[in-house]
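File shown: work-v6.tsv. Contents: TSV, C-alpha atoms.
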```tsv
chain	number	residue	atom	x	y	z
P	191	MET	CA	0.00	0.00	0.00
P	192	ARG	CA	3.04	2.28	0.21
P	193	HIS	CA	4.42	3.40	-3.15
P	194	GLU	CA	6.97	5.87	-4.45
P	195	LEU	CA	7.54	8.06	-7.46
P	196	LYS	CA	10.53	10.14	-8.47
P	197	ILE	CA	10.22	13.87	-9.06
P	198	ASP	CA	13.50	15.44	-10.22
P	199	ASP	CA	15.47	12.63	-8.49
P	200	ARG	CA	13.51	13.25	-5.28
P	201	THR	CA	11.35	10.50	-3.81
P	202	LEU	CA	7.70	11.24	-3.03
P	203	SER	CA	6.19	8.45	-0.95
P	204	HIS	CA	2.47	7.87	-0.65
P	205	LEU	CA	-0.06	5.53	0.91
P	206	ASP	CA	-2.80	4.21	-1.33
P	207	PHE	CA	-5.54	2.62	0.76
P	208	GLY	CA	-6.98	1.05	-2.39
P	209	GLY	CA	-10.49	-0.19	-3.00
P	210	PRO	CA	-13.02	0.35	-5.77
P	211	GLY	CA	-14.29	3.72	-4.59
P	212	ARG	CA	-13.82	7.20	-5.97
P	213	PRO	CA	-10.37	8.71	-5.34
P	214	LEU	CA	-9.80	11.17	-2.51
P	215	LEU	CA	-6.43	12.89	-2.25
P	216	ALA	CA	-5.68	13.60	1.42
P	217	LEU	CA	-2.95	16.10	2.35
P	218	HIS	CA	-1.71	15.99	5.95
P	219	GLY	CA	-0.64	18.88	8.15
P	220	GLY	CA	2.84	19.97	9.15
P	221	LEU	CA	4.93	17.67	11.37
P	222	SER	CA	2.78	14.78	10.13
P	223	GLU	CA	2.50	12.25	7.29
P	224	GLY	CA	0.00	10.41	5.13
P	225	ALA	CA	-0.62	7.72	7.75
P	226	ALA	CA	-2.58	10.34	9.72
P	227	PHE	CA	-5.55	9.48	7.47
P	228	THR	CA	-5.61	5.75	8.24
P	229	GLY	CA	-8.70	6.19	10.43
P	230	LEU	CA	-10.50	8.26	7.80
P	231	ALA	CA	-9.81	5.63	5.15
P	232	ALA	CA	-11.23	2.92	7.42
P	233	HIS	CA	-14.33	5.02	8.15
P	234	LEU	CA	-15.05	5.71	4.48
P	235	GLY	CA	-14.60	2.05	3.53
P	236	ASP	CA	-14.98	0.92	-0.07
P	237	ALA	CA	-16.87	4.04	-1.13
P	238	TRP	CA	-13.64	6.06	-1.36
P	239	ARG	CA	-10.06	5.25	-2.31
P	240	VAL	CA	-7.95	7.42	-0.01
P	241	ILE	CA	-4.54	8.40	-1.41
P	242	ALA	CA	-2.35	10.08	1.19
P	243	PRO	CA	1.13	11.27	0.24
P	244	ASP	CA	3.89	12.06	2.66
P	245	GLN	CA	4.29	15.62	1.40
P	246	ARG	CA	7.76	16.92	0.60
P	247	GLY	CA	10.08	16.83	3.57
P	248	HIS	CA	7.66	14.68	5.65
P	249	GLY	CA	7.59	10.99	6.52
P	250	ASP	CA	9.24	8.76	3.93
P	251	SER	CA	9.43	11.49	1.28
P	252	ASP	CA	12.74	13.20	0.58
P	253	ARG	CA	13.61	16.70	1.62
P	254	ALA	CA	13.02	19.34	-1.06
P	255	PRO	CA	14.90	22.45	-2.22
P	256	ASP	CA	12.07	24.69	-0.98
P	257	TYR	CA	8.68	24.57	0.71
P	258	ARG	CA	6.74	27.20	-1.19
P	259	ARG	CA	3.13	26.62	-2.19
P	260	GLU	CA	4.01	26.07	-5.85
P	261	GLY	CA	6.22	23.12	-4.97
P	262	TYR	CA	3.64	21.41	-2.79
P	263	VAL	CA	1.00	21.86	-5.50
P	264	ALA	CA	3.32	20.58	-8.24
P	265	ASP	CA	3.99	17.44	-6.17
P	266	ALA	CA	0.26	16.78	-5.82
P	267	VAL	CA	-0.30	17.16	-9.56
P	268	ALA	CA	2.67	14.87	-10.29
P	269	LEU	CA	1.15	12.23	-8.01
P	270	LEU	CA	-2.24	12.45	-9.73
P	271	ASP	CA	-0.50	12.13	-13.10
P	272	HIS	CA	1.56	9.17	-11.86
P	273	LEU	CA	-1.61	7.39	-10.74
P	274	GLY	CA	-3.37	8.12	-14.03
P	275	LEU	CA	-6.10	10.11	-12.27
P	276	ASP	CA	-7.05	12.45	-15.09
P	277	ALA	CA	-10.65	12.98	-14.00
P	278	PRO	CA	-11.26	15.47	-11.17
P	279	VAL	CA	-10.79	14.09	-7.65
P	280	VAL	CA	-11.88	15.22	-4.21
P	281	VAL	CA	-9.02	16.89	-2.35
P	282	LEU	CA	-8.92	17.13	1.44
P	283	GLY	CA	-6.25	18.95	3.37
P	284	TYR	CA	-5.63	19.64	7.03
P	285	SER	CA	-3.76	22.74	8.25
P	286	LEU	CA	-0.66	23.02	6.00
P	287	GLY	CA	-2.26	20.42	3.74
P	288	GLY	CA	-5.49	22.43	3.69
P	289	LEU	CA	-3.66	25.47	2.39
P	290	ASN	CA	-2.01	23.29	-0.25
P	291	ALA	CA	-5.41	21.88	-1.22
P	292	VAL	CA	-6.87	25.38	-1.56
P	293	HIS	CA	-4.06	26.40	-3.90
P	294	LEU	CA	-4.32	23.14	-5.86
P	295	ALA	CA	-8.01	23.80	-6.51
P	296	ALA	CA	-7.24	27.38	-7.54
P	297	ALA	CA	-4.36	26.55	-9.88
P	298	HIS	CA	-5.82	23.34	-11.35
P	299	PRO	CA	-9.62	23.52	-11.19
P	300	ASP	CA	-9.87	20.77	-13.81
P	301	ARG	CA	-8.26	18.32	-11.37
P	302	VAL	CA	-10.45	19.00	-8.32
P	303	ARG	CA	-14.02	17.70	-8.02
P	304	ALA	CA	-14.55	19.05	-4.51
P	305	LEU	CA	-12.45	20.66	-1.79
P	306	ILE	CA	-12.33	19.94	1.95
P	307	ASP	CA	-10.42	22.46	4.07
P	308	VAL	CA	-9.78	21.20	7.58
P	309	ASP	CA	-8.98	24.17	9.83
P	310	ALA	CA	-6.60	25.89	7.42
P	311	ALA	CA	-6.64	29.67	7.75
P	312	LEU	CA	-6.41	32.11	4.86
P	313	GLU	CA	-4.92	35.02	6.79
P	314	ILE	CA	-1.57	34.25	8.42
P	315	ASP	CA	0.16	37.28	9.88
P	316	PRO	CA	3.57	37.76	8.24
P	317	ASP	CA	4.83	39.34	11.46
P	318	GLY	CA	3.08	37.02	13.88
P	319	PRO	CA	4.74	34.70	16.39
P	320	GLU	CA	6.54	31.59	15.16
P	321	PRO	CA	4.10	28.72	15.85
P	322	PHE	CA	6.81	26.05	15.67
P	323	SER	CA	9.47	27.92	17.62
P	324	PHE	CA	9.96	24.80	19.74
P	325	LEU	CA	11.71	23.25	16.73
P	326	ARG	CA	14.57	25.72	16.84
P	327	GLY	CA	17.72	23.90	17.88
P	328	ALA	CA	16.03	20.48	17.85
P	329	PRO	CA	18.28	17.69	16.54
P	330	TYR	CA	17.34	15.76	13.40
P	331	THR	CA	19.14	12.51	14.29
P	332	GLY	CA	20.04	10.51	17.39
P	333	GLU	CA	21.87	7.35	18.38
P	334	SER	CA	18.63	5.58	19.28
P	335	PRO	CA	14.89	6.30	19.29
P	336	GLU	CA	14.99	6.82	23.04
P	337	ALA	CA	17.94	9.21	22.84
P	338	LEU	CA	16.33	11.21	20.05
P	339	ILE	CA	12.99	11.49	21.86
P	340	ALA	CA	14.79	12.69	24.98
P	341	ALA	CA	16.83	15.23	22.99
P	342	VAL	CA	13.88	16.85	21.17
P	343	GLY	CA	11.86	17.35	24.33
P	344	PRO	CA	8.21	16.71	25.22
P	345	VAL	CA	6.59	19.15	22.76
P	346	VAL	CA	8.25	17.64	19.69
P	347	ALA	CA	7.94	14.15	21.13
P	348	GLN	CA	4.14	14.26	20.94
P	349	PHE	CA	4.41	14.64	17.15
P	350	VAL	CA	7.12	12.04	16.49
P	351	THR	CA	6.75	9.20	18.99
P	352	GLY	CA	6.24	6.05	16.96
P	353	ALA	CA	7.22	7.78	13.71
P	354	LEU	CA	11.04	7.83	13.91
P	355	ARG	CA	12.95	6.32	11.00
P	356	PRO	CA	16.27	4.42	10.97
P	357	LEU	CA	19.00	6.03	8.89
P	358	PRO	CA	20.30	3.37	6.46
P	359	ASP	CA	23.80	2.03	7.11
P	360	SER	CA	24.42	4.37	10.03
P	361	GLY	CA	22.84	2.82	13.10
P	362	ARG	CA	21.25	6.20	13.86
P	363	TRP	CA	17.62	7.33	13.84
P	364	ARG	CA	15.97	10.43	12.41
P	365	LEU	CA	12.83	12.46	12.89
P	366	PRO	CA	10.06	12.09	10.26
P	367	PHE	CA	10.93	15.67	9.22
P	368	HIS	CA	13.89	18.02	9.44
P	369	PRO	CA	13.19	20.78	11.98
P	370	GLN	CA	14.50	23.51	9.68
P	371	ASP	CA	12.33	22.27	6.81
P	372	MET	CA	9.24	22.62	9.00
P	373	LEU	CA	10.20	26.14	10.03
P	374	ASP	CA	10.73	27.05	6.37
P	375	SER	CA	7.44	25.43	5.38
P	376	ILE	CA	5.38	27.29	7.96
P	377	ARG	CA	7.12	30.56	7.15
P	378	ALA	CA	6.15	30.09	3.50
P	379	CYS	CA	2.48	29.87	4.56
P	380	ARG	CA	2.43	33.41	5.89
P	381	GLY	CA	0.35	35.97	4.03
P	382	ASP	CA	-3.12	36.37	2.53
P	383	HIS	CA	-4.63	33.39	0.66
P	384	TRP	CA	-8.12	34.76	0.00
P	385	ASP	CA	-7.57	34.95	-3.76
P	386	ALA	CA	-6.83	31.24	-3.90
P	387	TRP	CA	-9.86	30.36	-1.76
P	388	LEU	CA	-12.19	32.40	-3.95
P	389	ALA	CA	-10.66	31.26	-7.24
P	390	SER	CA	-12.25	27.78	-7.25
P	391	THR	CA	-15.95	27.11	-7.76
P	392	CYS	CA	-16.23	23.40	-6.91
P	393	PRO	CA	-18.28	22.29	-3.88
P	394	ALA	CA	-16.31	22.86	-0.69
P	395	LEU	CA	-16.48	22.00	2.99
P	396	LEU	CA	-14.81	23.87	5.83
P	397	VAL	CA	-14.25	21.66	8.88
P	398	HIS	CA	-13.53	24.02	11.76
P	399	GLY	CA	-12.43	23.53	15.34
P	400	THR	CA	-14.50	26.25	16.98
P	401	ARG	CA	-11.76	26.85	19.56
P	402	SER	CA	-8.98	26.75	16.97
P	403	GLN	CA	-5.80	28.68	17.70
P	404	SER	CA	-5.21	29.00	13.95
P	405	LEU	CA	-8.60	29.83	12.43
P	406	PRO	CA	-10.66	32.47	14.29
P	407	GLN	CA	-14.44	32.17	14.16
P	408	ARG	CA	-14.85	35.47	12.29
P	409	GLN	CA	-12.53	34.24	9.54
P	410	ALA	CA	-14.26	30.87	9.31
P	411	ASP	CA	-17.63	32.61	8.99
P	412	ALA	CA	-16.24	34.85	6.23
P	413	MET	CA	-14.80	31.86	4.36
P	414	VAL	CA	-18.24	30.26	4.19
P	415	ALA	CA	-20.11	33.49	3.41
P	416	ARG	CA	-17.79	34.76	0.69
P	417	ARG	CA	-17.33	31.52	-1.28
P	418	PRO	CA	-20.48	30.15	-2.96
P	419	GLY	CA	-21.05	26.43	-2.57
P	420	THR	CA	-19.18	26.15	0.72
P	421	SER	CA	-20.61	24.05	3.55
P	422	TYR	CA	-19.59	24.43	7.19
P	423	ALA	CA	-18.93	21.71	9.76
P	424	PRO	CA	-18.10	23.15	13.20
P	425	LEU	CA	-16.57	20.78	15.73
P	426	ASP	CA	-16.06	21.54	19.40
P	427	GLY	CA	-12.29	21.50	19.61
P	428	ASP	CA	-9.07	23.32	18.86
P	429	HIS	CA	-6.83	23.21	15.78
P	430	PHE	CA	-6.08	19.54	16.42
P	431	VAL	CA	-9.73	18.51	16.35
P	432	PRO	CA	-9.24	15.80	13.65
P	433	PHE	CA	-7.17	13.93	16.24
P	434	THR	CA	-8.98	14.91	19.43
P	435	ASP	CA	-12.42	14.23	17.89
P	436	PRO	CA	-11.77	11.72	15.11
P	437	HIS	CA	-15.37	10.50	15.16
P	438	GLY	CA	-16.73	13.98	14.57
P	439	PHE	CA	-14.14	14.64	11.88
P	440	HIS	CA	-14.85	11.39	10.05
P	441	GLU	CA	-18.61	11.90	10.25
P	442	ALA	CA	-18.38	15.47	8.90
P	443	VAL	CA	-16.23	14.43	5.97
P	444	GLY	CA	-18.35	11.37	5.23
P	445	ALA	CA	-21.60	13.36	5.25
P	446	PHE	CA	-20.17	15.87	2.78
P	447	LEU	CA	-18.86	13.13	0.49
P	448	ASP	CA	-22.24	11.40	0.52
P	449	ARG	CA	-23.77	14.54	-1.04
P	450	LEU	CA	-21.40	14.61	-4.02
```
How does the structure come out when it is put into structure tokens?
Amino acid sequence: MRHELKIDDRTLSHLDFGGPGRPLLALHGGLSEGAAFTGLAAHLGDAWRVIAPDQRGHGDSDRAPDYRREGYVADAVALLDHLGLDAPVVVLGYSLGGLNAVHLAAAHPDRVRALIDVDAALEIDPDGPEPFSFLRGAPYTGESPEALIAAVGPVVAQFVTGALRPLPDSGRWRLPFHPQDMLDSIRACRGDHWDAWLASTCPALLVHGTRSQSLPQRQADAMVARRPGTSYAPLDGDHFVPFTDPHGFHEAVGAFLDRL
């Protein structure tokens, strides 16, 4: 179920949960990987074929020269091409992946049947605080999983426990992402993304944690009001609501997909 493709000598790894259903491209958030959607794939069953890449610099995918939106979008299109998915697909993205999904739908409307934005904001203050400041100075590798977990500290550990990778032929272990890559990736998200959100016309769903640290209620309300064809699924939780309330998340996504 794990496959790879090469993009400019760089490996992009992805999970394909298979099945006879319609394809759904699922883009994970920062500090995560495609396996985050294992529960969603199980919930949707045979009705949907969930395809979840480890986006550039995450999981089993190689590090990339940059982490700008254009690169993330180009990787997604390359994956669709590689899989022979020429007809429009549903694209779901959470947080960083949600922003990538929004830009994918804007730049390639012929490839996107419907869009699901999971708590990804459109207004990210260029001068705001660094949300991943805890990554500064964190090591990328360690002599053992235990040593690496101890070295990165408890905040990083909650994202990487169980996801560390062995470094081939070295005896060392690495994080599922390079700390500097994540800082660069989040920095590249800063700015105003309203034009991209309003550029697509396909059916859309906004899944929102109503106590989100990332997406204020006023902005969520505006996203639904300003974009025709956008449904709203509020969940009682913070930015991490897909993981703190997986049942609510899966039900909201499934209900939207059933209407397509």
Using all atoms listed in the file, find the one residue out of P:Pro210, P:Pro369, P:Pro356, P:Pro344 that sits nearest to Ala328 of chain P.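 Of P:Pro210, P:Pro369, P:Pro356, P:Pro344, the one nearest Ala328 of chain P, counting all atoms listed in the file, is P:Pro369.
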Using all atoms listed in the file, pick whichever of P:Gly261, P:Gly208, P:Gly427, P:Gly332 has the shortest atom-to-atom distance to Arg362 of chain P.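 Of P:Gly261, P:Gly208, P:Gly427, P:Gly332, the one nearest Arg362 of chain P, counting all atoms listed in the file, is P:Gly332.
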Residue neighbourhood Leu425 of chain P, 7 Å, all atoms listed in the file, exclusion window fewer than 5 positions, as a ChimeraX atom specification: /P:398-400,438
Which residues, written as JSON, numbers by chain, have at least one atom at most 9 Å from Arg303 of chain P, with all atoms listed in the file counted and residues fewer than 2 positions away on the same chain left out? {"P": [277, 278, 279, 280, 281, 295, 299, 300, 301, 305, 392, 393, 450]}
Need the shell around Leu395 of chain P: protein/DNA/RNA residues with any atom at most 10 Å away, counting only C-alpha atoms. Skip same-chain ones fewer than 4 positions apart. Format as a CSV table (one decimal) with C-alpha atoms, in the frame of the given file?
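What follows is the written file out-v2.csv:
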```csv
chain,number,residue,atom,x,y,z
P,282,LEU,CA,-8.9,17.1,1.4
P,304,ALA,CA,-14.6,19.0,-4.5
P,305,LEU,CA,-12.4,20.7,-1.8
P,306,ILE,CA,-12.3,19.9,2.0
P,307,ASP,CA,-10.4,22.5,4.1
P,308,VAL,CA,-9.8,21.2,7.6
P,414,VAL,CA,-18.2,30.3,4.2
P,419,GLY,CA,-21.0,26.4,-2.6
P,420,THR,CA,-19.2,26.2,0.7
P,421,SER,CA,-20.6,24.0,3.6
P,422,TYR,CA,-19.6,24.4,7.2
P,423,ALA,CA,-18.9,21.7,9.8
P,442,ALA,CA,-18.4,15.5,8.9
P,443,VAL,CA,-16.2,14.4,6.0
P,446,PHE,CA,-20.2,15.9,2.8
P,447,LEU,CA,-18.9,13.1,0.5
```
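Shortest atom-to-atom contact with Asp256 of chain P among P:His293, P:Arg377, P:Arg212, P:His272: P:Arg377, counting all atoms listed in the file.
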List as JSON, numbers by chain the protein and nucleic acid residues near Arg259 of chain P, meaning an atom at most 12 Å away when only C-alpha atoms are counted, but skip any in the same chain fewer than 6 places from it. {"P": [245, 246, 265, 266, 286, 287, 288, 289, 290, 291, 292, 293, 294, 296, 297, 374, 375, 376, 377, 378, 379, 380, 381, 383, 386]}
Record the distance separating atom CA of Ile197 of chain P and atom CA of Gly229 of chain P, expressed in Å with one decimal.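 Atom-to-atom, atom CA of Ile197 of chain P and atom CA of Gly229 of chain P are spaced 28.2 Å apart.
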How many Å separate atom CA of Val240 of chain P from atom CA of Tyr284 of chain P? 14.3 Å
Given the choices P:Glu260, P:Asp206, P:Asp426, P:Asp448, which gets closest to Ala237 of chain P if the distance is worked out from all atoms listed in the file?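 Distance minimum relative to Ala237 of chain P lands on P:Asp448.
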If you measure from atom CA of Lys196 of chain P to atom CA of Pro213 of chain P, what distance in Å do you get, rounded to one decimal?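 Pair atom CA of Lys196 of chain P / atom CA of Pro213 of chain P returns 21.2 Å.
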Which residue of P:Thr201, P:Thr391, P:Ser222, P:Thr228 approaches Val346 of chain P most closely, using all atoms listed in the file: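 Smallest separation from Val346 of chain P among the options: P:Ser222.
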